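*Asks:* Got a structure for you, questions after.
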Amino acid sequence: MRFGKIEYLNLLPFDTFIKAYPLSASSKKFITLKKSYPSRLNHDFLFRRIDAGFISSIAGMYADSRHKALPCGIISKGAVWSVLAKSGSGLDYQSATSNALLRVLELKGEVLIGDRALKFKADGGKALDLGELWWHKHKLPFVFGRLCYNKYGKYLEQITKAFTKHHRYKIPHYILHRAARDTQIQSNYIREYLKRIFYSMGTKEHIALHRFYRELRLRRIKPPQRFEALRGCKGGI
């Protein structure tokens with residue numbers, strides 16, 4: 001199985017879970033094989049270069065309509081710390097969902113996401129938190145990413161059930177230390193950040209996701225599509 005995973009701190013609990021989950025060595029290798037930023041994984045998923053993975057929620061609209069999205073995502077309830085809009089202008093090439101959320105919230109600014117945004121905040125940078133603003137407007141969580149699949153749905157459903165049944169995930173100290181070294185963000189700050197993220201999608205999360213999709217339709221914001229990706233590249237993505 002070719003599995004795609006967003007290479008950000010927000011999936012550190014999933015990495016930890018997979019290391020402990022009873023899979024064969026080859027399965028564990030392939031489930032962490034394809035790591036990249038969200039918009040690249042969106043294209044890989046649409047082109048079927050990966051069989052499944054955590055992709056941006058906006059790119060998961062089609063999978064959701066085909067019932068090929070699992071009740072597992074990257075979710076915050078309020079301030080998320082890693083999806084920000086600071087003064088300036090410019091979209092983040094790494095995330096179609098966060099760029100669309102900025103427009104849905106009728107804001108302007110420079111979008112920062114992922115570990116880069118988290119480090120900016122940890123270093124005292126001033127910015128608007130898009131997760132917090134969505135919460136104030138709708139009193140609902142926001143689903144930033146979604147676990148979707150092209151193949152192996154039943155197999156992934158078993159893994160998803162095991163992963164999402166836990167409310168909190170204890171990250172071993174050595175993994176936190178390595179993440180802190182790689183991102184230049186203190187381990188205590190990473191630990192506090194991960195308390196803001198959860199993964200199990202219930203009723204409120206599905207309502208929030210489809211409200212976001214409705215806002216996209218009303219504002220005529222198109223999700224990433226395969227033909228658009230083809231038009232925008234030369235020789236592949």
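Labels used: A, B, ... for chains in the order of the structure tokens, numbers from 1 for residues in each chain, and numbers from 1 for ligands as shown.
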Check range 10-228 of chain A with DSSP on the backbone and list each residue it calls strand (DSSP E), as a PyMOL selection string.

*Replies:* chain A and resi 34-36+52-56+69-76+83-86+110-113+128-129+142-149+197-200

*Asks:* Output as a list in words all residues of range 68-147 of chain A that backbone DSSP marks as helix (DSSP H, G or I).

*Replies:*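 Answer for range 68-147 of chain A restricted to helix (DSSP H, G or I) is Ala96, Thr97, Ser98, Asn99, Ala100, Leu101, Leu102, Arg103, Val104, Gly114, Asp115, Arg116, Ala117, Leu118, Lys119, Phe120, Lys121, Ala122, Leu130, Gly131, Glu132, Leu133, Trp134, Trp135, His136, Lys137 and His138 of chain A.
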
*Asks:* Using N, CA and C atoms, can you write the selected residues to a file as a short mmCIF file (atom, residue, chain, number, x, y, z; two decimals), in the first residue's frame?

*Replies:*
data_model
loop_
_atom_site.label_atom_id
_atom_site.label_comp_id
_atom_site.auth_asym_id
_atom_site.auth_seq_id
_atom_site.Cartn_x
_atom_site.Cartn_y
_atom_site.Cartn_z
N ALA A 96 -3.90 23.98 0.36
CA ALA A 96 -5.08 24.53 -0.30
C ALA A 96 -6.19 24.80 0.70
N THR A 97 -6.34 23.96 1.73
CA THR A 97 -7.40 24.15 2.71
C THR A 97 -7.24 25.43 3.49
N SER A 98 -6.04 25.72 3.96
CA SER A 98 -5.82 26.93 4.76
C SER A 98 -6.00 28.18 3.92
N ASN A 99 -5.57 28.13 2.67
CA ASN A 99 -5.79 29.27 1.78
C ASN A 99 -7.27 29.52 1.56
N ALA A 100 -8.03 28.44 1.39
CA ALA A 100 -9.48 28.57 1.20
C ALA A 100 -10.14 29.07 2.48
N LEU A 101 -9.68 28.60 3.64
CA LEU A 101 -10.24 29.04 4.91
C LEU A 101 -10.05 30.54 5.11
N LEU A 102 -8.92 31.06 4.69
CA LEU A 102 -8.68 32.50 4.78
C LEU A 102 -9.76 33.27 4.01
N ARG A 103 -10.11 32.78 2.83
CA ARG A 103 -11.14 33.43 2.01
C ARG A 103 -12.53 33.26 2.62
N VAL A 104 -12.80 32.08 3.15
CA VAL A 104 -14.09 31.82 3.79
C VAL A 104 -14.30 32.75 4.98
N GLY A 114 1.56 24.60 9.40
CA GLY A 114 2.45 23.54 9.81
C GLY A 114 3.54 23.99 10.78
N ASP A 115 4.67 23.30 10.71
CA ASP A 115 5.76 23.55 11.66
C ASP A 115 6.32 24.97 11.51
N ARG A 116 6.26 25.49 10.29
CA ARG A 116 6.75 26.86 10.07
C ARG A 116 5.90 27.86 10.84
N ALA A 117 4.58 27.66 10.81
CA ALA A 117 3.67 28.53 11.55
C ALA A 117 3.85 28.35 13.05
N LEU A 118 4.01 27.12 13.49
CA LEU A 118 4.17 26.86 14.91
C LEU A 118 5.45 27.49 15.45
N LYS A 119 6.51 27.44 14.69
CA LYS A 119 7.77 28.07 15.12
C LYS A 119 7.62 29.59 15.15
N PHE A 120 6.92 30.13 14.17
CA PHE A 120 6.67 31.57 14.14
C PHE A 120 5.95 32.01 15.42
N LYS A 121 4.94 31.26 15.83
CA LYS A 121 4.20 31.58 17.05
C LYS A 121 5.05 31.38 18.29
N ALA A 122 5.80 30.27 18.32
CA ALA A 122 6.64 29.97 19.48
C ALA A 122 7.70 31.05 19.69
N LEU A 130 -6.39 30.90 12.46
CA LEU A 130 -7.59 30.65 11.66
C LEU A 130 -8.51 29.62 12.31
N GLY A 131 -7.96 28.68 13.05
CA GLY A 131 -8.79 27.74 13.78
C GLY A 131 -9.62 28.43 14.84
N GLU A 132 -9.01 29.38 15.52
CA GLU A 132 -9.71 30.13 16.57
C GLU A 132 -10.82 31.00 15.98
N LEU A 133 -10.54 31.63 14.84
CA LEU A 133 -11.54 32.48 14.21
C LEU A 133 -12.72 31.67 13.68
N TRP A 134 -12.45 30.49 13.13
CA TRP A 134 -13.55 29.62 12.69
C TRP A 134 -14.43 29.23 13.88
N TRP A 135 -13.79 28.91 15.01
CA TRP A 135 -14.54 28.52 16.21
C TRP A 135 -15.43 29.67 16.69
N HIS A 136 -14.90 30.87 16.72
CA HIS A 136 -15.69 32.03 17.17
C HIS A 136 -16.89 32.27 16.26
N LYS A 137 -16.73 31.99 14.98
CA LYS A 137 -17.80 32.25 14.02
C LYS A 137 -18.86 31.16 14.03
N HIS A 138 -18.45 29.89 14.17
CA HIS A 138 -19.38 28.78 14.00
C HIS A 138 -19.58 27.94 15.26
#

*Asks:* I'd like to know which of A:Asn10, A:Thr16, A:Gln158, A:Ser187 is closest to Lys170 in chain A, using only C-alpha atoms.

*Replies:*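 Of A:Asn10, A:Thr16, A:Gln158, A:Ser187, the one nearest Lys170 in chain A, counting only C-alpha atoms, is A:Thr16.
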
*Asks:* Can I get the residues of range 69-141 of chain A within 6 Å of range 201-224 of chain A, each with the closest pair of atoms and their distance in Å to one decimal, using only C-alpha atoms, sorted chain first then ascending number, as CSV?

*Replies:*
residue,atom,partner,partner_atom,distance
A:Pro71,CA,A:Met201,CA,4.9
A:Cys72,CA,A:Met201,CA,5.5
A:Leu140,CA,A:Ala208,CA,5.8

*Asks:* Find the residues near Ser87 in chain A: any atom within 10 Å, counting only C-alpha atoms, skip ones fewer than 3 places away on the same chain, and give them as number ranges by chain.

*Replies:* A: 90, 108-111, 126-128

*Asks:* For all heavy atoms, I'd like the residues from the last selection saved as a tab-separated table (two decimals), in the first residue's frame.

*Replies:*
chain	number	residue	atom	x	y	z
A	90	GLY	N	-0.09	36.90	0.43
A	90	GLY	CA	0.51	35.71	-0.16
A	90	GLY	C	-0.07	34.46	0.43
A	90	GLY	O	-0.24	34.35	1.65
A	108	LYS	N	-7.57	38.83	4.96
A	108	LYS	CA	-6.42	39.00	4.08
A	108	LYS	C	-5.17	38.87	4.93
A	108	LYS	O	-5.16	39.18	6.12
A	108	LYS	CB	-6.45	40.36	3.38
A	108	LYS	CG	-7.59	40.50	2.38
A	108	LYS	CD	-7.53	41.83	1.66
A	108	LYS	CE	-8.66	41.95	0.63
A	108	LYS	NZ	-8.62	43.25	-0.07
A	109	GLY	N	-4.10	38.41	4.30
A	109	GLY	CA	-2.85	38.26	5.02
A	109	GLY	C	-2.01	37.18	4.39
A	109	GLY	O	-2.40	36.56	3.40
A	110	GLU	N	-0.87	36.96	4.97
A	110	GLU	CA	0.03	35.91	4.51
A	110	GLU	C	-0.22	34.65	5.32
A	110	GLU	O	-0.15	34.66	6.55
A	110	GLU	CB	1.49	36.33	4.66
A	110	GLU	CG	2.48	35.28	4.16
A	110	GLU	CD	3.92	35.70	4.35
A	110	GLU	OE1	4.17	36.88	4.67
A	110	GLU	OE2	4.81	34.82	4.18
A	111	VAL	N	-0.53	33.56	4.65
A	111	VAL	CA	-0.87	32.30	5.32
A	111	VAL	C	0.41	31.52	5.66
A	111	VAL	O	1.29	31.37	4.83
A	111	VAL	CB	-1.79	31.43	4.44
A	111	VAL	CG1	-2.08	30.10	5.12
A	111	VAL	CG2	-3.09	32.16	4.14
A	126	LYS	N	3.35	37.63	15.78
A	126	LYS	CA	1.95	38.03	15.91
A	126	LYS	C	1.19	37.67	14.64
A	126	LYS	O	1.59	38.03	13.53
A	126	LYS	CB	1.86	39.54	16.14
A	126	LYS	CG	2.61	40.02	17.39
A	126	LYS	CD	2.06	39.37	18.66
A	126	LYS	CE	2.80	39.88	19.89
A	126	LYS	NZ	2.35	39.21	21.13
A	127	ALA	N	0.08	36.94	14.82
A	127	ALA	CA	-0.72	36.51	13.67
A	127	ALA	C	-2.10	36.09	14.15
A	127	ALA	O	-2.32	35.83	15.34
A	127	ALA	CB	-0.05	35.33	12.95
A	128	LEU	N	-3.03	36.04	13.22
A	128	LEU	CA	-4.38	35.54	13.50
A	128	LEU	C	-4.38	34.03	13.40
A	128	LEU	O	-3.78	33.46	12.49
A	128	LEU	CB	-5.38	36.13	12.51
A	128	LEU	CG	-5.53	37.66	12.51
A	128	LEU	CD1	-6.42	38.10	11.35
A	128	LEU	CD2	-6.12	38.14	13.84

*Asks:* Between A:Met61, A:Leu112, A:Ile171, A:Leu9, which is the closest to Ile185 in chain A once you count only C-alpha atoms?

*Replies:*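 Looking only at the distances to Ile185 in chain A, the closest residue turns out to be A:Leu9.
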
*Asks:* Rounded to one decimal place, report the CA of Leu107 in chain A-CA of Asp129 in chain A distance in Å.

*Replies:* 11.3 Å

*Asks:* From the list A:Tyr199, A:Tyr193, A:Ile55, A:Asn188, which residue is nearest Lys165 in chain A when using only C-alpha atoms?

*Replies:*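 Closest to Lys165 in chain A, using only C-alpha atoms: A:Tyr199.
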
*Asks:* To one decimal in Å, tell me the separation between CA of Leu84 in chain A and CA of Ser57 in chain A.

*Replies:*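 So the answer is 16.7 Å.
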
*Asks:* So how many Å separate CA of Arg40 in chain A and CA of Arg168 in chain A, to one decimal?

*Replies:*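 According to the coordinates, CA of Arg40 in chain A and CA of Arg168 in chain A are separated by 28.5 Å.
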
*Asks:* Compare A:Ala25, A:Pro13, A:Ile6, A:Leu70 by their minimum atom-to-atom distance to Tyr155 in chain A, counting only C-alpha atoms, and give me the closest one.

*Replies:* A:Leu70

*Asks:* So, counting only C-alpha atoms, which residue among A:Leu46, A:Tyr21, A:Gly88, A:Arg191 is closest to Tyr169 in chain A?

*Replies:*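 Selected residue with least distance to Tyr169 in chain A: A:Arg191.
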
*Asks:* Report as number ranges by chain all protein, DNA and RNA residues lying within 10 Å of His166 in chain A, evaluated on only C-alpha atoms, omitting residues in the same chain fewer than 4 positions from it.

*Replies:* A: 161-162, 198-200

*Asks:* With N, CA, C and O atoms retained, export the selected residues as a PDB file, in the first residue's frame.

*Replies:*
ATOM      1  N   LYS A 161      -9.825   2.745  13.443  1.00  0.00           N
ATOM      2  CA  LYS A 161     -10.579   2.492  14.679  1.00  0.00           C
ATOM      3  C   LYS A 161      -9.649   2.354  15.864  1.00  0.00           C
ATOM      4  O   LYS A 161      -9.921   2.864  16.961  1.00  0.00           O
ATOM      5  N   ALA A 162      -8.543   1.663  15.668  1.00  0.00           N
ATOM      6  CA  ALA A 162      -7.584   1.489  16.751  1.00  0.00           C
ATOM      7  C   ALA A 162      -6.915   2.813  17.121  1.00  0.00           C
ATOM      8  O   ALA A 162      -6.683   3.084  18.311  1.00  0.00           O
ATOM      9  N   PHE A 198      -6.857  16.857  17.730  1.00  0.00           N
ATOM     10  CA  PHE A 198      -7.437  15.535  17.913  1.00  0.00           C
ATOM     11  C   PHE A 198      -7.796  14.963  16.542  1.00  0.00           C
ATOM     12  O   PHE A 198      -7.728  15.651  15.522  1.00  0.00           O
ATOM     13  N   TYR A 199      -8.183  13.684  16.514  1.00  0.00           N
ATOM     14  CA  TYR A 199      -8.216  12.954  15.245  1.00  0.00           C
ATOM     15  C   TYR A 199      -9.533  12.237  14.950  1.00  0.00           C
ATOM     16  O   TYR A 199      -9.788  11.895  13.806  1.00  0.00           O
ATOM     17  N   SER A 200     -10.344  12.004  15.957  1.00  0.00           N
ATOM     18  CA  SER A 200     -11.585  11.259  15.767  1.00  0.00           C
ATOM     19  C   SER A 200     -12.712  12.198  15.311  1.00  0.00           C
ATOM     20  O   SER A 200     -12.956  13.240  15.927  1.00  0.00           O
TER      21      SER A 200
END

*Asks:* Which residue, A:Ile175, A:Lys77, A:Ala59, A:Asp64, has the smallest gap to Lys19 in chain A when you use only C-alpha atoms?

*Replies:*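 Of all the options, A:Ile175 lies closest to Lys19 in chain A.
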